[in-house]
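Engineer: The file below is data_2.pdb, PDB, C-alpha atoms, pLDDT in the B column:
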```
ATOM      1  CA  MET J   1      88.973 137.790  81.306  1.00 38.00           C
ATOM      2  CA  SER J   2      85.545 136.373  82.093  1.00 50.00           C
ATOM      3  CA  ASN J   3      84.328 135.477  85.571  1.00 59.00           C
ATOM      4  CA  GLU J   4      82.927 132.177  84.302  1.00 86.00           C
ATOM      5  CA  THR J   5      84.359 129.011  85.809  1.00 92.00           C
ATOM      6  CA  LYS J   6      86.765 127.229  83.492  1.00 97.00           C
ATOM      7  CA  THR J   7      86.029 123.580  82.723  1.00 98.00           C
ATOM      8  CA  MET J   8      88.055 120.500  81.865  1.00 98.00           C
ATOM      9  CA  SER J   9      87.096 117.045  80.681  1.00 98.00           C
ATOM     10  CA  ILE J  10      89.270 113.946  80.682  1.00 98.00           C
ATOM     11  CA  ILE J  11      88.625 110.675  78.869  1.00 98.00           C
ATOM     12  CA  VAL J  12      90.258 107.959  80.987  1.00 98.00           C
ATOM     13  CA  THR J  13      91.041 104.914  78.834  1.00 97.00           C
ATOM     14  CA  LYS J  14      93.819 103.066  80.651  1.00 95.00           C
ATOM     15  CA  GLY J  15      93.876 101.407  84.042  1.00 93.00           C
ATOM     16  CA  THR J  16      97.429 100.281  84.750  1.00 91.00           C
ATOM     17  CA  LEU J  17      99.260 101.747  87.728  1.00 91.00           C
ATOM     18  CA  ASP J  18     101.339 104.144  85.620  1.00 90.00           C
ATOM     19  CA  TRP J  19      98.429 105.260  83.428  1.00 93.00           C
ATOM     20  CA  ALA J  20      96.113 105.845  86.400  1.00 95.00           C
ATOM     21  CA  TYR J  21      98.192 108.711  87.773  1.00 96.00           C
ATOM     22  CA  PRO J  22      97.966 111.341  84.998  1.00 96.00           C
ATOM     23  CA  PRO J  23      94.165 111.669  84.880  1.00 98.00           C
ATOM     24  CA  PHE J  24      93.765 111.767  88.667  1.00 98.00           C
ATOM     25  CA  ILE J  25      96.661 114.177  89.202  1.00 97.00           C
ATOM     26  CA  LEU J  26      95.417 116.494  86.462  1.00 98.00           C
ATOM     27  CA  ALA J  27      91.799 116.281  87.649  1.00 98.00           C
ATOM     28  CA  THR J  28      92.591 116.997  91.305  1.00 98.00           C
ATOM     29  CA  THR J  29      95.018 119.786  90.414  1.00 98.00           C
ATOM     30  CA  ALA J  30      92.515 121.435  88.077  1.00 98.00           C
ATOM     31  CA  ALA J  31      89.757 121.123  90.688  1.00 98.00           C
ATOM     32  CA  ALA J  32      92.058 122.690  93.305  1.00 97.00           C
ATOM     33  CA  MET J  33      92.625 125.552  90.862  1.00 97.00           C
ATOM     34  CA  GLY J  34      88.876 126.133  90.639  1.00 97.00           C
ATOM     35  CA  LEU J  35      88.025 124.341  87.398  1.00 98.00           C
ATOM     36  CA  GLU J  36      84.945 122.192  87.041  1.00 98.00           C
ATOM     37  CA  VAL J  37      86.283 118.770  86.070  1.00 98.00           C
ATOM     38  CA  THR J  38      84.570 115.791  84.463  1.00 98.00           C
ATOM     39  CA  MET J  39      86.261 112.409  84.051  1.00 98.00           C
ATOM     40  CA  PHE J  40      84.776 109.897  81.599  1.00 98.00           C
ATOM     41  CA  PHE J  41      85.981 106.350  82.345  1.00 98.00           C
ATOM     42  CA  THR J  42      85.803 104.000  79.377  1.00 97.00           C
ATOM     43  CA  PHE J  43      87.281 100.664  78.311  1.00 96.00           C
ATOM     44  CA  TYR J  44      90.360  99.826  80.384  1.00 95.00           C
ATOM     45  CA  GLY J  45      90.064 103.055  82.371  1.00 97.00           C
ATOM     46  CA  LEU J  46      86.726 101.952  83.833  1.00 97.00           C
ATOM     47  CA  PRO J  47      88.279  99.584  86.426  1.00 96.00           C
ATOM     48  CA  LEU J  48      89.748 102.662  88.139  1.00 98.00           C
ATOM     49  CA  LEU J  49      86.255 103.144  89.553  1.00 98.00           C
ATOM     50  CA  LEU J  50      86.090  99.663  91.092  1.00 97.00           C
ATOM     51  CA  LYS J  51      85.783  99.464  94.874  1.00 96.00           C
ATOM     52  CA  ASP J  52      88.795  97.185  95.080  1.00 91.00           C
ATOM     53  CA  LEU J  53      91.776  98.412  93.091  1.00 92.00           C
ATOM     54  CA  ASP J  54      94.553  95.986  92.266  1.00 87.00           C
ATOM     55  CA  LEU J  55      96.651  98.114  89.953  1.00 91.00           C
ATOM     56  CA  LYS J  56      99.601  96.622  88.186  1.00 88.00           C
ATOM     57  CA  LEU J  57     102.350  97.993  85.998  1.00 82.00           C
ATOM     58  CA  SER J  58     103.254  96.506  82.641  1.00 71.00           C
ATOM     59  CA  SER J  59     106.799  97.091  81.492  1.00 64.00           C
ATOM     60  CA  LEU J  60     106.225  95.228  78.211  1.00 60.00           C
ATOM     61  CA  GLY J  61     106.516  97.623  75.296  1.00 55.00           C
ATOM     62  CA  ASN J  62     107.462 100.539  77.530  1.00 61.00           C
ATOM     63  CA  PRO J  63     111.073 101.417  76.696  1.00 60.00           C
ATOM     64  CA  ALA J  64     110.794 104.705  78.592  1.00 61.00           C
ATOM     65  CA  MET J  65     110.307 102.873  81.895  1.00 63.00           C
ATOM     66  CA  LYS J  66     113.637 103.216  83.599  1.00 66.00           C
ATOM     67  CA  MET J  67     113.745 102.704  87.342  1.00 63.00           C
ATOM     68  CA  PRO J  68     116.370 104.273  89.601  1.00 66.00           C
ATOM     69  CA  MET J  69     118.516 101.343  90.744  1.00 67.00           C
ATOM     70  CA  MET J  70     122.087 101.037  91.928  1.00 67.00           C
ATOM     71  CA  GLY J  71     122.812 104.704  91.277  1.00 74.00           C
ATOM     72  CA  ALA J  72     121.571 104.645  87.671  1.00 70.00           C
ATOM     73  CA  HIS J  73     118.344 104.477  85.700  1.00 67.00           C
ATOM     74  CA  MET J  74     117.894 100.969  84.385  1.00 66.00           C
ATOM     75  CA  GLY J  75     115.419  99.899  81.744  1.00 65.00           C
ATOM     76  CA  MET J  76     114.030  96.443  81.254  1.00 62.00           C
ATOM     77  CA  PRO J  77     114.413  94.657  77.908  1.00 61.00           C
ATOM     78  CA  ASN J  78     111.094  93.537  76.417  1.00 57.00           C
ATOM     79  CA  ILE J  79     112.182  89.896  76.466  1.00 58.00           C
ATOM     80  CA  VAL J  80     112.527  90.040  80.273  1.00 63.00           C
ATOM     81  CA  SER J  81     109.090  91.663  80.566  1.00 61.00           C
ATOM     82  CA  MET J  82     107.502  88.540  79.075  1.00 67.00           C
ATOM     83  CA  ILE J  83     108.643  86.308  81.942  1.00 69.00           C
ATOM     84  CA  PRO J  84     105.791  85.422  84.342  1.00 72.00           C
ATOM     85  CA  GLY J  85     105.970  87.424  87.569  1.00 71.00           C
ATOM     86  CA  VAL J  86     107.955  90.336  86.135  1.00 72.00           C
ATOM     87  CA  ASP J  87     104.906  92.641  86.022  1.00 74.00           C
ATOM     88  CA  ALA J  88     104.167  91.841  89.682  1.00 77.00           C
ATOM     89  CA  ALA J  89     107.771  92.575  90.652  1.00 77.00           C
ATOM     90  CA  ALA J  90     107.821  95.809  88.622  1.00 76.00           C
ATOM     91  CA  SER J  91     104.498  96.839  90.199  1.00 77.00           C
ATOM     92  CA  LYS J  92     105.845  96.213  93.683  1.00 84.00           C
ATOM     93  CA  MET J  93     109.028  98.162  92.914  1.00 81.00           C
ATOM     94  CA  MET J  94     107.022 101.109  91.575  1.00 81.00           C
ATOM     95  CA  LYS J  95     104.637 101.123  94.545  1.00 82.00           C
ATOM     96  CA  ASN J  96     107.603 100.998  96.943  1.00 85.00           C
ATOM     97  CA  LEU J  97     109.329 103.836  95.098  1.00 83.00           C
ATOM     98  CA  MET J  98     106.163 105.947  95.181  1.00 86.00           C
ATOM     99  CA  ALA J  99     105.673 105.300  98.902  1.00 90.00           C
ATOM    100  CA  LYS J 100     109.336 106.146  99.574  1.00 92.00           C
ATOM    101  CA  LYS J 101     108.964 109.425  97.637  1.00 89.00           C
ATOM    102  CA  GLY J 102     105.641 110.308  99.309  1.00 93.00           C
ATOM    103  CA  VAL J 103     103.525 110.026  96.160  1.00 93.00           C
ATOM    104  CA  ALA J 104      99.829 109.662  96.923  1.00 94.00           C
ATOM    105  CA  SER J 105      98.210 106.344  96.014  1.00 93.00           C
ATOM    106  CA  ILE J 106      95.532 106.135  93.337  1.00 95.00           C
ATOM    107  CA  GLN J 107      92.981 105.455  96.076  1.00 94.00           C
ATOM    108  CA  GLU J 108      94.039 108.679  97.820  1.00 96.00           C
ATOM    109  CA  LEU J 109      93.911 110.662  94.581  1.00 97.00           C
ATOM    110  CA  ARG J 110      90.523 109.188  93.752  1.00 97.00           C
ATOM    111  CA  ASP J 111      89.252 110.188  97.207  1.00 97.00           C
ATOM    112  CA  LEU J 112      90.621 113.708  96.664  1.00 97.00           C
ATOM    113  CA  ALA J 113      88.807 113.880  93.334  1.00 98.00           C
ATOM    114  CA  ILE J 114      85.545 112.887  95.029  1.00 97.00           C
ATOM    115  CA  GLU J 115      86.087 115.470  97.799  1.00 97.00           C
ATOM    116  CA  ALA J 116      86.759 118.117  95.140  1.00 97.00           C
ATOM    117  CA  ASP J 117      83.441 117.313  93.421  1.00 97.00           C
ATOM    118  CA  VAL J 118      85.050 116.005  90.256  1.00 98.00           C
ATOM    119  CA  ARG J 119      82.243 114.594  88.145  1.00 98.00           C
ATOM    120  CA  MET J 120      82.942 110.949  87.287  1.00 98.00           C
ATOM    121  CA  ILE J 121      81.059 109.218  84.506  1.00 98.00           C
ATOM    122  CA  ALA J 122      81.246 105.443  84.021  1.00 98.00           C
ATOM    123  CA  CYS J 123      80.756 104.479  80.384  1.00 98.00           C
ATOM    124  CA  GLN J 124      77.520 102.496  80.155  1.00 97.00           C
ATOM    125  CA  MET J 125      78.646 100.570  77.064  1.00 97.00           C
ATOM    126  CA  THR J 126      81.871  99.512  78.795  1.00 97.00           C
ATOM    127  CA  MET J 127      79.937  98.549  81.930  1.00 97.00           C
ATOM    128  CA  ASP J 128      77.750  96.295  79.791  1.00 97.00           C
ATOM    129  CA  LEU J 129      80.659  94.952  77.730  1.00 97.00           C
ATOM    130  CA  PHE J 130      82.724  93.880  80.750  1.00 96.00           C
ATOM    131  CA  GLU J 131      79.656  92.924  82.822  1.00 97.00           C
ATOM    132  CA  TYR J 132      80.155  95.418  85.645  1.00 96.00           C
ATOM    133  CA  THR J 133      77.345  96.883  87.724  1.00 94.00           C
ATOM    134  CA  LEU J 134      77.254 100.016  89.846  1.00 92.00           C
ATOM    135  CA  ASP J 135      77.515  97.698  92.867  1.00 94.00           C
ATOM    136  CA  ASP J 136      81.081  96.892  91.713  1.00 96.00           C
ATOM    137  CA  MET J 137      81.988 100.591  91.671  1.00 96.00           C
ATOM    138  CA  ILE J 138      82.794 103.172  94.311  1.00 97.00           C
ATOM    139  CA  GLU J 139      79.934 105.386  95.367  1.00 94.00           C
ATOM    140  CA  GLY J 140      79.412 108.450  93.238  1.00 91.00           C
ATOM    141  CA  PRO J 141      80.043 107.782  89.532  1.00 95.00           C
ATOM    142  CA  GLU J 142      77.098 108.301  87.228  1.00 96.00           C
ATOM    143  CA  LEU J 143      76.356 106.256  84.136  1.00 97.00           C
ATOM    144  CA  GLY J 144      76.627 107.822  80.723  1.00 97.00           C
ATOM    145  CA  GLY J 145      77.604 107.125  77.190  1.00 96.00           C
ATOM    146  CA  ALA J 146      79.457 108.807  74.376  1.00 96.00           C
ATOM    147  CA  ALA J 147      76.704 111.402  73.962  1.00 97.00           C
ATOM    148  CA  THR J 148      77.012 112.320  77.649  1.00 97.00           C
ATOM    149  CA  TYR J 149      80.747 112.862  77.265  1.00 97.00           C
ATOM    150  CA  ILE J 150      80.402 114.785  73.988  1.00 97.00           C
ATOM    151  CA  GLU J 151      77.874 117.110  75.626  1.00 97.00           C
ATOM    152  CA  VAL J 152      80.468 117.836  78.340  1.00 97.00           C
ATOM    153  CA  ALA J 153      83.375 118.108  75.891  1.00 97.00           C
ATOM    154  CA  THR J 154      81.647 120.623  73.625  1.00 97.00           C
ATOM    155  CA  LYS J 155      81.302 122.956  76.619  1.00 96.00           C
ATOM    156  CA  SER J 156      84.759 122.367  78.106  1.00 97.00           C
ATOM    157  CA  ASP J 157      87.677 124.755  77.858  1.00 97.00           C
ATOM    158  CA  ILE J 158      90.171 121.869  78.083  1.00 97.00           C
ATOM    159  CA  ASN J 159      89.655 118.318  76.759  1.00 97.00           C
ATOM    160  CA  LEU J 160      92.225 115.594  77.486  1.00 96.00           C
ATOM    161  CA  PHE J 161      92.458 112.009  76.250  1.00 96.00           C
ATOM    162  CA  ILE J 162      94.526 109.806  78.554  1.00 93.00           C
TER
END
```
Could you rewrite the structure in this file as structure tokens?
Structural biologist:
Amino acid sequence: MSNETKTMSIIVTKGTLDWAYPPFILATTAAAMGLEVTMFFTFYGLPLLLKDLDLKLSSLGNPAMKMPMMGAHMGMPNIVSMIPGVDAAASKMMKNLMAKKGVASIQELRDLAIEADVRMIACQMTMDLFEYTLDDMIEGPELGGAATYIEVATKSDINLFI
């Protein structure tokens, strides 16, 4: 086995509450295990770098989302998910459940990633497309494009698309 540091890259493409957890948990865990980690935030994953996070959960089209309620795991029919206010209620329920179970918030995980020197790249094309500036973002992310990510990915031991 080589003494070289292992590396991991993650393309972060989704920014809902439930989709924000996997990339940050994997990035912080890998960094804690000594890997050099790069996260590339593009399209709907880019808002995870915003200073002010207002993450929501969408139950629409997610049949696997079953919440523990009344001693069972209850899913939500898609028709109910279309009613205004249901996403807000589902988001609140999920945040309450996570707090009750001691799950770190995305802000906390993001801070851990920064402390662990996880490299964060904000997709320049997405920044331009959605009219964001670096002033909208937390301190630390660098700007880069597809070529920047591909350069990282070609050298990484592990590449994940989330």
Engineer: J:Val152, J:Thr7, J:Thr16, J:Leu46: which is nearest Met137 of chain J, counting only C-alpha atoms?
Structural biologist: J:Leu46
Engineer: Can you translate the PyMOL selection byres ((chain J and resi 112) around 10) into the concrete residues it hits in this file, as a VMD selection string?
Structural biologist: chain J and resid 24 to 25 27 to 29 31 to 32 106 to 111 113 to 118
Engineer: For Gly145 of chain J, which residue among J:Ala72, J:Leu53, J:Ile11, J:Ile121 is the nearest when counting only C-alpha atoms?
Structural biologist: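 Result for the nearest residue to Gly145 of chain J: J:Ile121.
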Engineer: Go through J:Gln124, J:Asn159, J:Ser58, J:Thr154 one by one, measure the shortest atom-to-atom distance of each to Trp19 of chain J using all atoms listed in the file, and give the residue with the smallest value.
Structural biologist: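 Smallest separation from Trp19 of chain J among the options: J:Ser58.
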Engineer: For a quick check of understanding, using only C-alpha atoms, which of J:Met94, J:Leu26, J:Leu50, J:Ala147 has the smallest distance to Leu134 of chain J?
Structural biologist: J:Leu50
Engineer: Show me as a VMD selection string the residues that reach within 8 Å of (85.2, 97.0, 86.8), counting all atoms listed in the file and using the file's own coordinates.
Structural biologist: chain J and resid 46 to 50 127 130 to 133 136 to 137
Engineer: Applying 8 Å and only C-alpha atoms, which residues near Glu142 of chain J remain after dropping the ones on its own chain fewer than 2 positions away? List them as a ChimeraX atom specification.
Structural biologist: /J:120-122,140,144
Engineer: For Phe161 of chain J, which residue among J:Gly45, J:Glu36, J:Leu17, J:Thr148 is the nearest when counting all atoms listed in the file?
Structural biologist: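 Ranked by minimum distance to Phe161 of chain J, first place goes to J:Gly45.
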Engineer: Set the distance at 8 Å and use all atoms listed in the file: which residues neighbour Arg119 of chain J once local chain neighbours fewer than 6 positions away are removed? I'd like the list as a PyMOL selection string.
Structural biologist: chain J and resi 37-39+141
Engineer: To one decimal in Å, tell me the separation between atom CA of Tyr149 of chain J and atom CA of Ile162 of chain J.
Structural biologist: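 For atom CA of Tyr149 of chain J relative to atom CA of Ile162 of chain J, the distance reads 14.2 Å.
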